[in-house]
Amino acid sequence: MSRLKKAATILKAAETWKKRCLLGQGSLFTEESLWTRERFGELKRLYVDVLDDDAPAPGSFREKLKVQLEDGSPDAKMLWAEMTWVYLLIAGAGAIGPNTKRERIREVWDWSGTGFPENHDLLQDLVLGAGVINPGTAYHTHAWREYRFFVVAMLDWFSLTVERQSVLNEPWDFARWLDGREYAENRGFRHVLLFLLFPDEFEPITSSQHKRQIVHEFRRFVDLDGDQDSDPVAVDQALVKTRDYLQREYRRRGILDDAGAPAEVHFYDPPVVELWQREKATEWVERRFGNRAIWNVNMNMEGGQMWPGVVAEGVVSVGLDDIGDAGRPESDIRQDLINRGYGGQPAHHTHCLHQFGHELQVGDILFATRGDGWVLGWGRVAGDYRFAPDADQHRVHTRPVSWHSWGSKVTYRDLGGVTRRRLTFVKRRPRWVRQVTWLLDDPPELLGGAKTDGDPPCPPYTITDATTDLFLPKPRFERILASLKSRKNLILQGPPGTGKTFIARRLAWCLIGCKDDEPIEMVQFHQSYAYEDFVQGWRPNETGGFELRDGVFHRFCERARKQPGTPHIFIIDEINRGNLSRIFGELLMLIEADKRTGEFAVSLTYARPSDHRFHVPDNLYILGMMNTADRSLALVDYALRRRFAFETLMPAFHRQEFRDYLVAHGVAESLVGHIVARMTDLNRKIRDDNELGAGFEIGHSYFVPDDSDAGPRDGDWHNTIIDTQIAPLLREYWFDAPTRVEGEVGALMRNADNEP
């Protein structure tokens, strides 16, 4: 093989399997003809066709398999044993030892009544102990799904009417063929097969999530094509480009293996694993920096290019030159910011100045970046905070720093995903820190020291993060996000319990690019909500008079205006409950996507003659939520409808992700099946009711536990949800039919006490 020397043994064994079985329709361990369409058709009948995702039979996978294969031919059982050999081949001895592998193969083989060929070359420790990775827990706990996929794929393979060798000559075509098989999505066995057959094109990685994570993290280093969010082949092709980049970097940096030869790239080995896996990055940061604090400072503040000047002068600054001494108490800094027009709650600027004046210590590491994602260099804090109120721009608040530019002159490297904040504690973003040091070629003088932890940073946030446990297809989420980006105003509508608030927060984080709540504001409309609460109005003060105060939306617009590079999201819950024309007033025009500039600014209703005209900033997005089952709905103003995109969310009981989430959080599969079946039936009745309809269906989130929920998720847990949350809703829906309500509630709770 041209690469992966440590996998040479299993790849040689896999080549034997390919020739004897996939192409020759023979057997690994005998002279029989086992790998045939007839035998896989038998396994499909015995195994695949009797599986029940909703209510799997009790017992372990191997116990159930023995029962399922009991009436099968000896050849079918020997074939399954050889499939087990293929399935376990990639696993290293640290995950499954050769003895365990051999016993699992023998167990199935013995069901055939044929003597086990334990002396066969392919069953020796040299082969069975030569695996290269730990395939992970899911690969074993979902073995029944993996084998189902493999049986169906092999049946299709041996049903091909073209020459199979020609298919195996084209790795990417074969991968797309394999991905087109039933049950192929997110199967670890899919990755194993592709690596064993095409090791130069595919990586020994069994996790789709890991592959996507690697590609996501290395986008900062490599230009990648294709849709890596939804196309698994595009992900694999991106991994090839990533591996090629890393191999070139290995050669340039002279990275060698233990024998002194040029090292091969393995995504689970250092230094690569430290660049994409958070746990390994954390270990590396702790080894490299010890307890020293690490910060990122944005050198592109307020549109200026600060880097050459601060390098020449040997200082660092965070701007905010109109604010007094940062060595004061935090409350004094906050009041100073408020007095100087930084908003009513200038939390970020307050915290930034307080950190700069109090928390930075001599010896702390600073990484210098620009707000658009370029890495400039690094430095070490060399002195205490200085306050010079009469100094030039960006020289009022400073600290001495020993700076190191990247390269022999000021050179920029595109990192992407870095924070736009002026000052950010980044030690708790270990992947970011590791990637920056990689771009800086791991300067040897950039070593540890001593310092305590600081404020938690803003973790990067992607569409992949957002759609985890969301029960919403990724393409649908992407469409909703695209609508919000283009229209700037979006309403999520749907029945109760469909996760509108949950999804809204994730949409906001995706827009921001990190899990940061500072650029997010949330209010709830009600019948008494007014323009004076939302935009501006006269309010009583402590002296018995009145003063003009800005409303929550006006204040939020000013916050967004001060951070033009950061998306700000204003979330409105129950948006339909307010008198929308009265609340928004003249803002109905200003919130339109093409009127977010000073050209369309207007004088507000209560504005004084000296006040500036007002407009909504371009980086502000409005995200409303509307419950379609609310009987007190006011008709949404047509003028507002023209300015918002609308997306409807529906219950997700039918989605496999919902089932998997409940099982992963301790709900028995039988109880999950009960919930899905009963709630699906109830929603059908609600949907068919002429007085109700689809807008009154009941969502899945009532049954979604999180890690903070205490107690077992059993029949009592289920019945409590029905009794306290679902039943009151049904009594409101069918208030004139109490007998029907009690019948439906009884059907929901039926047999739940008997379930685990």
# chains A, B, ... in the order shown; residues from 1 in each chain; ligands from 1
>>> residues_around(residues="Arg643 of chain A", least_positions_apart="5", cutoff="10 Å", atoms="only C-alpha atoms", output="list in words")
Arg487, Lys488, Asn489, Leu490, Leu588, Met589, Ile591, Glu592, Ala593 and Tyr638 of chain A
>>> select_by_dssp(residues="segment 77-325 of chain A", states="helix (DSSP H, G or I)", output="ChimeraX atom specification")
/A:77-88,98-110,121-123,125-128,137-141,143-157,164-168,171-179,188-197,208-218,232-253,272-276,278-289,301-303,307-313
>>> residues_around(residues="segment 145-159 of chain A", least_positions_apart="2", cutoff="6 Å", atoms="only C-alpha atoms", output="CSV table (one decimal) with N, CA and C atoms, in the first residue's frame")
chain,number,residue,atom,x,y,z
A,37,ARG,N,-25.9,-14.2,-4.1
A,37,ARG,CA,-27.2,-13.6,-4.0
A,37,ARG,C,-28.2,-14.5,-3.3
A,40,PHE,N,-27.5,-14.3,0.6
A,40,PHE,CA,-27.9,-13.0,1.2
A,40,PHE,C,-29.4,-12.8,1.1
A,48,VAL,N,-33.5,-9.4,8.2
A,48,VAL,CA,-33.9,-8.1,7.9
A,48,VAL,C,-35.4,-8.0,7.9
A,142,HIS,N,-25.2,-0.4,18.0
A,142,HIS,CA,-26.1,-0.4,16.8
A,142,HIS,C,-25.7,-1.5,15.8
A,143,ALA,N,-25.1,-2.6,16.3
A,143,ALA,CA,-24.7,-3.6,15.4
A,143,ALA,C,-25.8,-4.2,14.6
A,181,ARG,N,-27.8,2.5,-1.1
A,181,ARG,CA,-28.5,1.3,-0.6
A,181,ARG,C,-29.4,1.7,0.6
A,183,TYR,N,-30.9,1.8,4.2
A,183,TYR,CA,-30.4,1.8,5.5
A,183,TYR,C,-28.9,2.3,5.6
A,184,ALA,N,-28.4,2.9,4.5
A,184,ALA,CA,-27.0,3.3,4.5
A,184,ALA,C,-26.7,4.6,5.3
A,189,PHE,N,-20.6,0.9,9.3
A,189,PHE,CA,-20.1,-0.2,8.5
A,189,PHE,C,-19.8,0.4,7.1
>>> select_by_dssp(residues="segment 120-327 of chain A", states="strand (DSSP E)", output="CSV table (one decimal) with C-alpha atoms, in the first residue's frame")
chain,number,residue,atom,x,y,z
A,294,ILE,CA,-4.7,32.9,27.1
A,295,TRP,CA,-6.6,35.8,25.4
A,296,ASN,CA,-7.5,37.0,21.9
A,297,VAL,CA,-7.4,40.7,21.2
A,298,ASN,CA,-9.1,42.2,18.1
A,315,VAL,CA,1.6,47.8,23.8
A,316,VAL,CA,-1.9,46.4,23.6
A,317,SER,CA,-5.1,48.5,23.7
>>> residues_around(residues="segment 75-85 of chain A", least_positions_apart="5", cutoff="6 Å", atoms="only C-alpha atoms", output="PDB file with C-alpha atoms, in the first residue's frame")
ATOM      1  CA  LEU A  34     -21.190 -18.574   0.488  1.00  0.00           C
ATOM      2  CA  ARG A  39     -27.441 -16.741   0.568  1.00  0.00           C
ATOM      3  CA  ILE A 105     -16.924 -15.497  14.925  1.00  0.00           C
ATOM      4  CA  VAL A 108     -22.029 -17.929  15.025  1.00  0.00           C
ATOM      5  CA  TRP A 109     -20.086 -20.510  13.025  1.00  0.00           C
ATOM      6  CA  SER A 112     -24.059 -24.190  11.500  1.00  0.00           C
TER       7      SER A 112
END
>>> residues_around(residues="Ile686 of chain A", least_positions_apart="2", cutoff="10 Å", atoms="only C-alpha atoms", output="PDB file with N, CA and C atoms, in the first residue's frame")
ATOM      1  N   THR A 680     -49.259   9.931  17.474  1.00  0.00           N
ATOM      2  CA  THR A 680     -49.548  10.016  16.038  1.00  0.00           C
ATOM      3  C   THR A 680     -51.031   9.822  15.771  1.00  0.00           C
ATOM      4  N   ASP A 681     -51.625   8.872  16.465  1.00  0.00           N
ATOM      5  CA  ASP A 681     -53.064   8.610  16.305  1.00  0.00           C
ATOM      6  C   ASP A 681     -53.883   9.798  16.805  1.00  0.00           C
ATOM      7  N   LEU A 682     -53.494  10.368  17.962  1.00  0.00           N
ATOM      8  CA  LEU A 682     -54.222  11.518  18.501  1.00  0.00           C
ATOM      9  C   LEU A 682     -54.122  12.709  17.549  1.00  0.00           C
ATOM     10  N   ASN A 683     -52.945  12.982  17.023  1.00  0.00           N
ATOM     11  CA  ASN A 683     -52.790  14.115  16.110  1.00  0.00           C
ATOM     12  C   ASN A 683     -53.586  13.919  14.822  1.00  0.00           C
ATOM     13  N   ARG A 684     -53.726  12.678  14.394  1.00  0.00           N
ATOM     14  CA  ARG A 684     -54.568  12.419  13.208  1.00  0.00           C
ATOM     15  C   ARG A 684     -56.012  12.826  13.484  1.00  0.00           C
ATOM     16  N   ASP A 688     -58.118  15.855  11.667  1.00  0.00           N
ATOM     17  CA  ASP A 688     -59.354  15.574  10.928  1.00  0.00           C
ATOM     18  C   ASP A 688     -60.568  16.279  11.513  1.00  0.00           C
ATOM     19  N   ASP A 689     -60.417  16.903  12.679  1.00  0.00           N
ATOM     20  CA  ASP A 689     -61.532  17.588  13.330  1.00  0.00           C
ATOM     21  C   ASP A 689     -61.780  18.925  12.639  1.00  0.00           C
ATOM     22  N   ASN A 690     -62.997  19.140  12.164  1.00  0.00           N
ATOM     23  CA  ASN A 690     -63.311  20.359  11.419  1.00  0.00           C
ATOM     24  C   ASN A 690     -63.180  21.618  12.257  1.00  0.00           C
ATOM     25  N   GLU A 691     -63.335  21.479  13.581  1.00  0.00           N
ATOM     26  CA  GLU A 691     -63.232  22.633  14.469  1.00  0.00           C
ATOM     27  C   GLU A 691     -61.790  22.938  14.870  1.00  0.00           C
ATOM     28  N   LEU A 692     -60.888  22.004  14.613  1.00  0.00           N
ATOM     29  CA  LEU A 692     -59.499  22.181  15.020  1.00  0.00           C
ATOM     30  C   LEU A 692     -58.598  22.248  13.794  1.00  0.00           C
ATOM     31  N   GLY A 693     -58.066  21.103  13.351  1.00  0.00           N
ATOM     32  CA  GLY A 693     -57.186  21.092  12.191  1.00  0.00           C
ATOM     33  C   GLY A 693     -55.725  20.965  12.571  1.00  0.00           C
ATOM     34  N   ALA A 694     -54.850  20.994  11.548  1.00  0.00           N
ATOM     35  CA  ALA A 694     -53.422  20.724  11.755  1.00  0.00           C
ATOM     36  C   ALA A 694     -52.767  21.713  12.701  1.00  0.00           C
ATOM     37  N   GLY A 695     -53.273  22.945  12.770  1.00  0.00           N
ATOM     38  CA  GLY A 695     -52.670  23.942  13.632  1.00  0.00           C
ATOM     39  C   GLY A 695     -52.832  23.662  15.110  1.00  0.00           C
ATOM     40  N   PHE A 696     -53.641  22.644  15.453  1.00  0.00           N
ATOM     41  CA  PHE A 696     -53.889  22.316  16.856  1.00  0.00           C
ATOM     42  C   PHE A 696     -53.242  20.997  17.270  1.00  0.00           C
ATOM     43  N   GLU A 697     -52.457  20.402  16.377  1.00  0.00           N
ATOM     44  CA  GLU A 697     -51.784  19.168  16.767  1.00  0.00           C
ATOM     45  C   GLU A 697     -50.876  19.416  17.972  1.00  0.00           C
ATOM     46  N   ILE A 698     -50.461  18.342  18.625  1.00  0.00           N
ATOM     47  CA  ILE A 698     -49.644  18.443  19.840  1.00  0.00           C
ATOM     48  C   ILE A 698     -48.224  18.021  19.507  1.00  0.00           C
ATOM     49  N   LEU A 730     -56.207  19.006  25.824  1.00  0.00           N
ATOM     50  CA  LEU A 730     -57.345  18.341  25.183  1.00  0.00           C
ATOM     51  C   LEU A 730     -58.669  18.837  25.762  1.00  0.00           C
ATOM     52  N   TYR A 733     -59.361  21.943  23.980  1.00  0.00           N
ATOM     53  CA  TYR A 733     -59.757  21.702  22.590  1.00  0.00           C
ATOM     54  C   TYR A 733     -61.209  21.245  22.501  1.00  0.00           C
ATOM     55  N   TRP A 734     -61.530  20.208  23.272  1.00  0.00           N
ATOM     56  CA  TRP A 734     -62.874  19.606  23.217  1.00  0.00           C
ATOM     57  C   TRP A 734     -63.629  19.920  24.508  1.00  0.00           C
TER      58      TRP A 734
END
>>> atom_distance(atom1="atom CA of Asp336 of chain A", atom2="atom CA of Glu359 of chain A")
19.5 Å
>>> residues_around(residues="segment 228-230 of chain A", least_positions_apart="2", cutoff="9 Å", atoms="only C-alpha atoms", output="VMD selection string")
chain A and resid 212 215 to 216 224 to 226 232 to 236 238 463 to 464 474 to 475
>>> closest_residue(among="A:Ala645, A:Val167, A:Ala293, A:Met306", to="Val433 of chain A", atoms="only C-alpha atoms")
A:Ala293
>>> residues_around(residues="Phe614 of chain A", least_positions_apart="5", cutoff="10 Å", atoms="only C-alpha atoms", output="list in words")
His554, Cys557, Glu558, Leu587, Leu590, Thr597, Gly598, Phe600, Ala601, Val602, Ser603, Leu604 and Ala607 of chain A
>>> write_last_selection(atoms="C-alpha atoms", output="compact mmCIF listing (two decimals), in the first residue's frame")
# COMPACT_ATOMS: atom_id res chain seq x y z
CA HIS A 554 -34.97 50.98 20.46
CA CYS A 557 -31.10 48.75 17.89
CA GLU A 558 -28.48 50.97 19.51
CA LEU A 587 -41.20 50.76 12.34
CA LEU A 590 -38.14 50.59 8.86
CA THR A 597 -29.99 52.40 6.08
CA GLY A 598 -29.87 56.04 7.15
CA PHE A 600 -34.82 55.79 5.17
CA ALA A 601 -34.42 57.16 8.71
CA VAL A 602 -37.52 58.86 10.20
CA SER A 603 -38.36 60.97 13.25
CA LEU A 604 -39.99 58.83 15.92
CA ALA A 607 -38.75 62.38 19.27
>>> closest_residue(among="A:Leu353, A:Leu43, A:Ala347, A:Met650", to="Asp517 of chain A", atoms="only C-alpha atoms")
A:Ala347
>>> closest_residue(among="A:Ala138, A:Leu366, A:Leu65, A:Ile333", to="Ala664 of chain A", atoms="only C-alpha atoms")
A:Ala138
>>> closest_residue(among="A:Met749, A:Val265, A:Val285, A:Leu360", to="Asp442 of chain A", atoms="only C-alpha atoms")
A:Val285
>>> closest_atom_pairs(of="segment 569-640 of chain A", to="segment 699-705 of chain A", cutoff="12 Å", atoms="only C-alpha atoms", output="JSON lines")
{"residue": "A:Asn627", "atom": "CA", "partner": "A:Gly699", "partner_atom": "CA", "distance": 11.2}
{"residue": "A:Thr628", "atom": "CA", "partner": "A:Gly699", "partner_atom": "CA", "distance": 11.7}
{"residue": "A:Ala629", "atom": "CA", "partner": "A:Gly699", "partner_atom": "CA", "distance": 11.1}
>>> atom_distance(atom1="atom CA of Leu580 of chain A", atom2="atom CA of Glu478 of chain A")
28.1 Å
>>> closest_residue(among="A:Val436, A:Leu423, A:Leu337, A:Val523", to="Phe356 of chain A", atoms="only C-alpha atoms")
A:Leu423
>>> decode(residues="segment 2-24 of chain A", atoms="N, CA and C atoms", output="mmCIF file, in the first residue's frame")
data_model
loop_
_atom_site.group_PDB
_atom_site.id
_atom_site.type_symbol
_atom_site.label_atom_id
_atom_site.label_comp_id
_atom_site.auth_asym_id
_atom_site.auth_seq_id
_atom_site.Cartn_x
_atom_site.Cartn_y
_atom_site.Cartn_z
ATOM 1 N N SER A 2 0.343 2.335 -0.583
ATOM 2 C CA SER A 2 1.114 3.561 -0.672
ATOM 3 C C SER A 2 1.110 4.345 0.633
ATOM 4 N N ARG A 3 0.248 4.035 1.539
ATOM 5 C CA ARG A 3 0.215 4.737 2.815
ATOM 6 C C ARG A 3 -0.349 3.810 3.888
ATOM 7 N N LEU A 4 -0.447 4.319 5.114
ATOM 8 C CA LEU A 4 -1.011 3.584 6.239
ATOM 9 C C LEU A 4 -0.277 2.268 6.485
ATOM 10 N N LYS A 5 1.004 2.425 6.817
ATOM 11 C CA LYS A 5 1.806 1.226 7.080
ATOM 12 C C LYS A 5 1.247 0.410 8.235
ATOM 13 N N LYS A 6 0.689 1.075 9.251
ATOM 14 C CA LYS A 6 0.199 0.320 10.402
ATOM 15 C C LYS A 6 -1.073 -0.460 10.086
ATOM 16 N N ALA A 7 -1.700 -0.169 8.954
ATOM 17 C CA ALA A 7 -2.897 -0.910 8.551
ATOM 18 C C ALA A 7 -2.597 -1.970 7.503
ATOM 19 N N ALA A 8 -1.326 -2.179 7.194
ATOM 20 C CA ALA A 8 -0.959 -3.066 6.086
ATOM 21 C C ALA A 8 -1.527 -4.475 6.258
ATOM 22 N N THR A 9 -1.516 -5.003 7.486
ATOM 23 C CA THR A 9 -1.969 -6.385 7.710
ATOM 24 C C THR A 9 -3.449 -6.541 7.419
ATOM 25 N N ILE A 10 -4.284 -5.659 7.954
ATOM 26 C CA ILE A 10 -5.724 -5.828 7.725
ATOM 27 C C ILE A 10 -6.096 -5.484 6.286
ATOM 28 N N LEU A 11 -5.346 -4.571 5.650
ATOM 29 C CA LEU A 11 -5.652 -4.246 4.258
ATOM 30 C C LEU A 11 -5.300 -5.415 3.332
ATOM 31 N N LYS A 12 -4.244 -6.132 3.669
ATOM 32 C CA LYS A 12 -3.906 -7.328 2.898
ATOM 33 C C LYS A 12 -4.982 -8.395 3.077
ATOM 34 N N ALA A 13 -5.472 -8.548 4.318
ATOM 35 C CA ALA A 13 -6.551 -9.508 4.566
ATOM 36 C C ALA A 13 -7.820 -9.085 3.839
ATOM 37 N N ALA A 14 -8.114 -7.776 3.830
ATOM 38 C CA ALA A 14 -9.304 -7.280 3.138
ATOM 39 C C ALA A 14 -9.211 -7.525 1.641
ATOM 40 N N GLU A 15 -8.008 -7.445 1.081
ATOM 41 C CA GLU A 15 -7.836 -7.734 -0.340
ATOM 42 C C GLU A 15 -8.199 -9.183 -0.643
ATOM 43 N N THR A 16 -7.835 -10.087 0.262
ATOM 44 C CA THR A 16 -8.223 -11.492 0.108
ATOM 45 C C THR A 16 -9.732 -11.629 0.129
ATOM 46 N N TRP A 17 -10.382 -10.957 1.066
ATOM 47 C CA TRP A 17 -11.849 -10.995 1.147
ATOM 48 C C TRP A 17 -12.487 -10.452 -0.134
ATOM 49 N N LYS A 18 -11.938 -9.368 -0.661
ATOM 50 C CA LYS A 18 -12.502 -8.795 -1.881
ATOM 51 C C LYS A 18 -12.434 -9.786 -3.040
ATOM 52 N N LYS A 19 -11.267 -10.411 -3.213
ATOM 53 C CA LYS A 19 -11.096 -11.310 -4.355
ATOM 54 C C LYS A 19 -11.907 -12.591 -4.200
ATOM 55 N N ARG A 20 -11.871 -13.185 -2.995
ATOM 56 C CA ARG A 20 -12.518 -14.486 -2.809
ATOM 57 C C ARG A 20 -14.023 -14.369 -2.648
ATOM 58 N N CYS A 21 -14.491 -13.261 -2.061
ATOM 59 C CA CYS A 21 -15.908 -13.170 -1.702
ATOM 60 C C CYS A 21 -16.672 -12.170 -2.573
ATOM 61 N N LEU A 22 -16.259 -10.914 -2.584
ATOM 62 C CA LEU A 22 -17.000 -9.920 -3.352
ATOM 63 C C LEU A 22 -16.948 -10.197 -4.845
ATOM 64 N N LEU A 23 -15.789 -10.675 -5.336
ATOM 65 C CA LEU A 23 -15.658 -10.953 -6.765
ATOM 66 C C LEU A 23 -15.819 -12.433 -7.085
ATOM 67 N N GLY A 24 -15.308 -13.301 -6.206
ATOM 68 C CA GLY A 24 -15.349 -14.736 -6.495
ATOM 69 C C GLY A 24 -16.553 -15.464 -5.971
#
